[in-house]
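The next block holds one structure in the form of structure tokens; read it before the comments.
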Amino acid sequence: MADPSTDREVEITIAADAHEAARLVAERLAEQARSGGSIVLTGGSTPRVAYELAAELEPDWSRVALWWSDERCVEPEDERSNYGMTKKALLDRLETPPDSVHRMRGELGREAGATEYGRQLEGVGAFDLVLLGLGPDGHVASLFPDFPTLDVTGPAAIGSEAGHEPYVDRITLTLPRLCSTRELLFLVAGDGKADAVARALAGPPSHATPGSLARAAEGVTRAVVDRAAAAQL
Ligand code: 6PG
């Protein structure tokens, strides 16, 4: 669980539409790629355009250690793979690859894959930038509403059943590991997310809305939200 003393304030930027939101996030990713450090990427469909634009804006990611917030337990070539999506949208478009790419090995299954990721994260300090999407139910990474996984504080990564489509097992960072970052950045678009955005970004902390529990423990929490998703703020 995030430290309760963590600042809950979220700096929200409202973009005209989904493309503008993706562009703003792409600029932030490119800036981090230039300065270096650790970036945690997320899955789902919303970030794809941001990843493509980030590769155009900065094709040299050699200063970056790349991590993932969560993964579906499928082969990396499977169209549901978060790594696979990132590879096509970002990694394959770079001129210089990241210094290190730490993908979650979904094909190992949720428990073995999580254990292996936890090992990769041993000794790794706070991340520099964690990017998160937000599900229409308020989930972040593969931390789903009211799941006991929200209370796990020991390991860095855990296995989970799917609480949302696609219904395949998941590997996910735990809340404390996600929140151990100097910046946590939400990217959310679409009117189907308006209720979740209001609860996650402006509501009280609640297990019913995992996004409301995701706040940078060592820095700032920001959100880039398009106008449709911001409708209930
Ligand atoms: C995943 C994610 C997940 C995602 C949200 C939003 O593996 O599905 O990491 O947390 O960010 O479900 O996804 P969309 O952008 O597709 O709505």
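Just so we're on the same page: first chain in the structure tokens is A, next is B, and so on; residues restart at 1 for each chain, and ligands are numbered from 1 in the order they show up.
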
Please report, as CSV, each residue of chain A lying at most 6 Å from ligand 1, together with the nearest pair of atoms and the separation in Å rounded to one decimal; use only C-alpha atoms and all ligand atoms, and order rows by chain and ascending residue number.
residue,atom,partner,partner_atom_place_in_ligand_line,distance
A:Thr42,CA,ligand 1,9 (O),4.6
A:Gly43,CA,ligand 1,9 (O),3.7
A:Gly44,CA,ligand 1,16 (O),3.4
A:Ser45,CA,ligand 1,16 (O),3.7
A:Thr46,CA,ligand 1,15 (O),3.7
A:Asp70,CA,ligand 1,9 (O),5.5
A:Glu71,CA,ligand 1,7 (O),5.5
A:Leu132,CA,ligand 1,11 (O),5.8
A:Gly133,CA,ligand 1,11 (O),3.5
A:Leu134,CA,ligand 1,6 (C),4.5
A:Gly135,CA,ligand 1,12 (O),4.1
A:His139,CA,ligand 1,10 (O),6.0
A:Val140,CA,ligand 1,10 (O),4.2
A:Ala141,CA,ligand 1,10 (O),3.5
A:Ser142,CA,ligand 1,10 (O),5.3

- Item | Non-local contacts of segment 20-22 of chain A (7 Å; only C-alpha atoms; under 5 positions in same chain excluded) as a list of chain:residue names |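 These residues fall inside the cut-off: A:Ala15, A:Pro47, A:Val49, A:Ala50, A:Val224, A:Val225, A:Asp226.
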
- Give the answer as one residue: which of A:Ala157, A:Leu90, A:Ile171, A:Val152 has the shortest atom-to-atom distance to Arg105 of chain A, using only C-alpha atoms? A:Ile171

- Message: Which residues are close to Pro145 of chain A, i.e. within 9 Å by only C-alpha atoms, leaving aside same-chain residues fewer than 5 positions away? Reply as a list of chain:residue names.
- Response: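 Here the answer would be A:Asp137, A:Gly138, A:His139, A:Leu150, A:Gly163, A:Ser206, A:His207, A:Ala208, A:Thr209, A:Pro210.
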
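For segment 57-153 of chain A, backbone-based DSSP labels the following residues as strand (DSSP E or B): Asp60, Val64, Ala65, Leu66, Trp67, Trp68, Asp70, Glu71, Arg72, Thr96, Ser100, Val101, Phe127, Leu129, Val130, Leu131, Leu132, Val140 and Leu143 of chain A.
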
Go ahead and write the selection's residues with N, CA and C atoms as a JSON list (two decimals), in the first residue's frame.
[["chain", "number", "residue", "atom", "x", "y", "z"],
["A", 60, "ASP", "N", 16.57, 7.40, -29.82],
["A", 60, "ASP", "CA", 17.70, 6.85, -29.07],
["A", 60, "ASP", "C", 17.28, 6.65, -27.61],
["A", 64, "VAL", "N", 18.10, 4.26, -21.22],
["A", 64, "VAL", "CA", 16.91, 3.85, -20.45],
["A", 64, "VAL", "C", 16.94, 2.37, -20.06],
["A", 65, "ALA", "N", 16.49, 2.11, -18.84],
["A", 65, "ALA", "CA", 16.14, 0.74, -18.42],
["A", 65, "ALA", "C", 14.62, 0.65, -18.51],
["A", 66, "LEU", "N", 14.14, -0.31, -19.30],
["A", 66, "LEU", "CA", 12.70, -0.40, -19.56],
["A", 66, "LEU", "C", 12.08, -1.57, -18.80],
["A", 67, "TRP", "N", 10.97, -1.26, -18.13],
["A", 67, "TRP", "CA", 10.24, -2.25, -17.33],
["A", 67, "TRP", "C", 8.76, -2.22, -17.74],
["A", 68, "TRP", "N", 7.99, -3.18, -17.23],
["A", 68, "TRP", "CA", 6.54, -3.18, -17.49],
["A", 68, "TRP", "C", 5.76, -3.24, -16.19],
["A", 70, "ASP", "N", 2.68, -4.61, -16.04],
["A", 70, "ASP", "CA", 1.95, -5.88, -16.00],
["A", 70, "ASP", "C", 2.01, -6.57, -17.35],
["A", 71, "GLU", "N", 1.62, -7.83, -17.33],
["A", 71, "GLU", "CA", 1.66, -8.62, -18.57],
["A", 71, "GLU", "C", 0.56, -9.67, -18.54],
["A", 72, "ARG", "N", 0.11, -10.01, -19.73],
["A", 72, "ARG", "CA", -0.83, -11.13, -19.86],
["A", 72, "ARG", "C", -0.01, -12.41, -20.05],
["A", 96, "THR", "N", 18.30, 3.32, -31.63],
["A", 96, "THR", "CA", 19.18, 2.76, -30.59],
["A", 96, "THR", "C", 18.31, 2.21, -29.47],
["A", 100, "SER", "N", 18.60, -1.60, -21.27],
["A", 100, "SER", "CA", 18.11, -2.91, -20.83],
["A", 100, "SER", "C", 16.60, -2.95, -21.01],
["A", 101, "VAL", "N", 16.11, -4.12, -21.40],
["A", 101, "VAL", "CA", 14.67, -4.32, -21.61],
["A", 101, "VAL", "C", 14.25, -5.49, -20.72],
["A", 127, "PHE", "N", 11.69, 3.89, -9.40],
["A", 127, "PHE", "CA", 11.68, 4.15, -10.84],
["A", 127, "PHE", "C", 11.69, 5.67, -11.06],
["A", 129, "LEU", "N", 9.99, 6.99, -13.95],
["A", 129, "LEU", "CA", 8.69, 7.29, -14.56],
["A", 129, "LEU", "C", 7.89, 6.01, -14.71],
["A", 130, "VAL", "N", 6.70, 5.99, -14.13],
["A", 130, "VAL", "CA", 5.77, 4.86, -14.28],
["A", 130, "VAL", "C", 4.56, 5.35, -15.05],
["A", 131, "LEU", "N", 4.30, 4.75, -16.19],
["A", 131, "LEU", "CA", 3.11, 5.09, -16.98],
["A", 131, "LEU", "C", 2.01, 4.08, -16.68],
["A", 132, "LEU", "N", 0.80, 4.58, -16.47],
["A", 132, "LEU", "CA", -0.33, 3.69, -16.20],
["A", 132, "LEU", "C", -1.53, 4.08, -17.05],
["A", 140, "VAL", "N", -5.72, -0.55, -12.48],
["A", 140, "VAL", "CA", -4.44, -0.13, -13.03],
["A", 140, "VAL", "C", -3.53, -1.35, -13.07],
["A", 143, "LEU", "N", -4.04, -4.89, -11.38],
["A", 143, "LEU", "CA", -4.55, -4.80, -10.01],
["A", 143, "LEU", "C", -6.03, -4.41, -10.13]]

- Task: Write out as a PyMOL selection string which residues come within 8 Å of Ala26 of chain A when counting only C-alpha atoms, dropping same-chain ones fewer than 5 positions away.
- Result: chain A and resi 50-54+57

Given the selection you just returned, output its residues as a file containing N, CA and C atoms, formatted as a PDB file, in the first residue's frame.
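That gives us part.pdb:
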ATOM      1  N   ALA A  50       0.977   6.699 -28.244  1.00  0.00           N
ATOM      2  CA  ALA A  50       2.007   7.430 -27.478  1.00  0.00           C
ATOM      3  C   ALA A  50       3.370   6.780 -27.689  1.00  0.00           C
ATOM      4  N   TYR A  51       3.421   5.463 -27.727  1.00  0.00           N
ATOM      5  CA  TYR A  51       4.702   4.778 -27.922  1.00  0.00           C
ATOM      6  C   TYR A  51       5.246   5.062 -29.333  1.00  0.00           C
ATOM      7  N   GLU A  52       4.333   5.013 -30.321  1.00  0.00           N
ATOM      8  CA  GLU A  52       4.778   5.275 -31.703  1.00  0.00           C
ATOM      9  C   GLU A  52       5.346   6.690 -31.831  1.00  0.00           C
ATOM     10  N   LEU A  53       4.636   7.656 -31.257  1.00  0.00           N
ATOM     11  CA  LEU A  53       5.093   9.048 -31.348  1.00  0.00           C
ATOM     12  C   LEU A  53       6.384   9.257 -30.558  1.00  0.00           C
ATOM     13  N   ALA A  54       6.514   8.575 -29.430  1.00  0.00           N
ATOM     14  CA  ALA A  54       7.729   8.716 -28.609  1.00  0.00           C
ATOM     15  C   ALA A  54       8.948   8.225 -29.376  1.00  0.00           C
ATOM     16  N   LEU A  57       9.843  10.964 -31.797  1.00  0.00           N
ATOM     17  CA  LEU A  57      10.410  12.140 -31.133  1.00  0.00           C
ATOM     18  C   LEU A  57      11.827  11.885 -30.635  1.00  0.00           C
TER      19      LEU A  57
END

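Distances from A:Ala230, A:Leu213, A:Ala162, A:Val168 to Asp195 of chain A were compared using only C-alpha atoms, and the smallest one belongs to A:Ala230.
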
- At what distance in Å, to one decimal, does atom CA of Ala200 of chain A lie from atom CA of Leu184 of chain A?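 So the answer is 13.2 Å.
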
- Query: So, counting only C-alpha atoms, which residue among A:Thr115, A:Gln120, A:Glu56, A:Leu187 is closest to Gly154 of chain A?
  - Reply: A:Thr115

- Message: Report, in Å with one decimal, the straight-line distance from atom CA of Leu185 of chain A to atom CA of Ala55 of chain A.
- Response: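 It comes out at 18.1 Å.
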
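When only C-alpha atoms are used to compute distances to Glu107 of chain A, the closest of the residues A:Glu122, A:Glu58, A:Glu75, A:Glu165 turns out to be A:Glu75.
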
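With only C-alpha atoms as the atoms that count, the residue of A:Pro136, A:Gly159, A:Gly37, A:Gly109 with the shortest distance to Gly211 of chain A is A:Pro136.
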
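Taking only C-alpha atoms into account, Gly219 of chain A lies nearest to A:Cys179 out of the set A:Cys73, A:Cys179, A:Ile14, A:Leu108.
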
- Task: Go through segment 82-172 of chain A and collect every residue that DSSP, computed from the backbone, puts in alpha helix (DSSP H); the answer should be as number ranges by chain.
- Result: A: 82-89, 110-121

Requested write-out: all heavy atoms of the selected residues, as a short mmCIF file (atom, residue, chain, number, x, y, z; two decimals), in the first residue's frame:
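Output (out.cif):
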data_model
loop_
_atom_site.label_atom_id
_atom_site.label_comp_id
_atom_site.auth_asym_id
_atom_site.auth_seq_id
_atom_site.Cartn_x
_atom_site.Cartn_y
_atom_site.Cartn_z
N ASN A 82 1.45 -7.52 -23.81
CA ASN A 82 1.82 -6.10 -23.63
C ASN A 82 3.22 -5.84 -24.17
O ASN A 82 3.48 -4.78 -24.77
CB ASN A 82 1.74 -5.71 -22.15
CG ASN A 82 0.31 -5.58 -21.67
OD1 ASN A 82 -0.61 -5.43 -22.48
ND2 ASN A 82 0.11 -5.64 -20.36
N TYR A 83 4.12 -6.79 -23.96
CA TYR A 83 5.47 -6.64 -24.53
C TYR A 83 5.38 -6.59 -26.05
O TYR A 83 6.02 -5.75 -26.69
CB TYR A 83 6.38 -7.80 -24.10
CG TYR A 83 7.65 -7.82 -24.88
CD1 TYR A 83 8.69 -6.94 -24.60
CD2 TYR A 83 7.81 -8.70 -25.97
CE1 TYR A 83 9.84 -6.92 -25.36
CE2 TYR A 83 8.97 -8.69 -26.72
CZ TYR A 83 9.98 -7.81 -26.41
OH TYR A 83 11.13 -7.78 -27.17
N GLY A 84 4.59 -7.49 -26.63
CA GLY A 84 4.46 -7.56 -28.09
C GLY A 84 3.95 -6.24 -28.65
O GLY A 84 4.45 -5.75 -29.68
N MET A 85 2.96 -5.65 -27.98
CA MET A 85 2.43 -4.35 -28.43
C MET A 85 3.54 -3.30 -28.37
O MET A 85 3.75 -2.53 -29.31
CB MET A 85 1.25 -3.94 -27.54
CG MET A 85 0.57 -2.65 -27.94
SD MET A 85 1.34 -1.17 -27.26
CE MET A 85 0.66 -1.17 -25.60
N THR A 86 4.28 -3.30 -27.28
CA THR A 86 5.34 -2.29 -27.11
C THR A 86 6.46 -2.49 -28.13
O THR A 86 7.04 -1.53 -28.63
CB THR A 86 5.94 -2.38 -25.69
OG1 THR A 86 4.88 -2.43 -24.75
CG2 THR A 86 6.83 -1.20 -25.39
N LYS A 87 6.75 -3.75 -28.42
CA LYS A 87 7.81 -4.03 -29.39
C LYS A 87 7.45 -3.41 -30.74
O LYS A 87 8.26 -2.71 -31.35
CB LYS A 87 8.01 -5.54 -29.51
CG LYS A 87 9.14 -5.94 -30.44
CD LYS A 87 9.38 -7.44 -30.36
CE LYS A 87 10.56 -7.86 -31.24
NZ LYS A 87 10.39 -7.56 -32.65
N LYS A 88 6.21 -3.66 -31.19
CA LYS A 88 5.80 -3.13 -32.50
C LYS A 88 5.71 -1.61 -32.50
O LYS A 88 6.11 -0.94 -33.45
CB LYS A 88 4.44 -3.71 -32.89
CG LYS A 88 4.50 -5.15 -33.35
CD LYS A 88 3.15 -5.59 -33.92
CE LYS A 88 2.95 -7.07 -33.72
NZ LYS A 88 1.70 -7.43 -33.10
N ALA A 89 5.14 -1.06 -31.43
CA ALA A 89 4.86 0.38 -31.41
C ALA A 89 6.11 1.21 -31.10
O ALA A 89 6.26 2.32 -31.60
CB ALA A 89 3.77 0.70 -30.38
N ARG A 110 1.65 -17.38 -14.43
CA ARG A 110 1.61 -16.20 -13.55
C ARG A 110 2.52 -16.29 -12.33
O ARG A 110 3.13 -15.30 -11.94
CB ARG A 110 0.17 -15.90 -13.13
CG ARG A 110 -0.46 -16.92 -12.24
CD ARG A 110 -1.94 -16.64 -12.06
NE ARG A 110 -2.47 -17.33 -10.91
CZ ARG A 110 -3.75 -17.59 -10.73
NH1 ARG A 110 -4.63 -17.22 -11.62
NH2 ARG A 110 -4.14 -18.23 -9.66
N GLU A 111 2.66 -17.49 -11.73
CA GLU A 111 3.48 -17.55 -10.51
C GLU A 111 4.97 -17.54 -10.85
O GLU A 111 5.73 -16.74 -10.30
CB GLU A 111 3.12 -18.77 -9.66
CG GLU A 111 1.65 -18.81 -9.20
CD GLU A 111 1.17 -17.53 -8.50
OE1 GLU A 111 2.00 -16.79 -7.92
OE2 GLU A 111 -0.05 -17.24 -8.56
N ALA A 112 5.37 -18.43 -11.77
CA ALA A 112 6.80 -18.48 -12.13
C ALA A 112 7.24 -17.17 -12.79
O ALA A 112 8.34 -16.67 -12.55
CB ALA A 112 7.07 -19.66 -13.06
N GLY A 113 6.35 -16.60 -13.60
CA GLY A 113 6.69 -15.34 -14.28
C GLY A 113 6.87 -14.21 -13.28
O GLY A 113 7.78 -13.39 -13.41
N ALA A 114 6.00 -14.17 -12.26
CA ALA A 114 6.11 -13.12 -11.25
C ALA A 114 7.38 -13.30 -10.41
O ALA A 114 8.08 -12.32 -10.11
CB ALA A 114 4.88 -13.13 -10.35
N THR A 115 7.68 -14.55 -10.06
CA THR A 115 8.88 -14.81 -9.26
C THR A 115 10.13 -14.36 -10.03
O THR A 115 11.02 -13.71 -9.49
CB THR A 115 8.99 -16.32 -8.92
OG1 THR A 115 7.80 -16.68 -8.23
CG2 THR A 115 10.20 -16.62 -8.07
N GLU A 116 10.14 -14.70 -11.33
CA GLU A 116 11.30 -14.33 -12.15
C GLU A 116 11.43 -12.81 -12.26
O GLU A 116 12.52 -12.26 -12.19
CB GLU A 116 11.14 -14.98 -13.53
CG GLU A 116 12.41 -15.00 -14.37
CD GLU A 116 12.45 -13.90 -15.40
OE1 GLU A 116 11.42 -13.21 -15.64
OE2 GLU A 116 13.52 -13.69 -15.97
N TYR A 117 10.29 -12.12 -12.37
CA TYR A 117 10.36 -10.65 -12.47
C TYR A 117 10.83 -10.04 -11.16
O TYR A 117 11.59 -9.07 -11.14
CB TYR A 117 9.00 -10.07 -12.88
CG TYR A 117 9.14 -8.83 -13.75
CD1 TYR A 117 9.84 -8.89 -14.94
CD2 TYR A 117 8.58 -7.62 -13.38
CE1 TYR A 117 9.99 -7.77 -15.75
CE2 TYR A 117 8.71 -6.49 -14.18
CZ TYR A 117 9.42 -6.57 -15.37
OH TYR A 117 9.57 -5.46 -16.17
N GLY A 118 10.34 -10.60 -10.06
CA GLY A 118 10.77 -10.13 -8.75
C GLY A 118 12.28 -10.22 -8.61
O GLY A 118 12.93 -9.33 -8.06
N ARG A 119 12.84 -11.31 -9.16
CA ARG A 119 14.31 -11.46 -9.10
C ARG A 119 15.00 -10.37 -9.90
O ARG A 119 15.99 -9.79 -9.47
CB ARG A 119 14.73 -12.84 -9.66
CG ARG A 119 14.67 -13.90 -8.59
CD ARG A 119 15.43 -15.15 -8.99
NE ARG A 119 14.74 -16.27 -8.36
CZ ARG A 119 14.02 -17.17 -9.00
NH1 ARG A 119 13.94 -17.16 -10.32
NH2 ARG A 119 13.39 -18.11 -8.34
N GLN A 120 14.44 -10.08 -11.08
CA GLN A 120 15.05 -9.01 -11.91
C GLN A 120 15.03 -7.67 -11.18
O GLN A 120 15.88 -6.82 -11.39
CB GLN A 120 14.31 -8.85 -13.24
CG GLN A 120 14.47 -10.00 -14.20
CD GLN A 120 14.04 -9.61 -15.61
OE1 GLN A 120 14.45 -8.58 -16.13
NE2 GLN A 120 13.20 -10.43 -16.22
N LEU A 121 14.01 -7.49 -10.33
CA LEU A 121 13.85 -6.19 -9.67
C LEU A 121 14.61 -6.08 -8.35
O LEU A 121 14.63 -5.01 -7.74
CB LEU A 121 12.36 -5.93 -9.41
CG LEU A 121 11.60 -5.40 -10.63
CD1 LEU A 121 10.10 -5.60 -10.45
CD2 LEU A 121 11.91 -3.91 -10.82
#
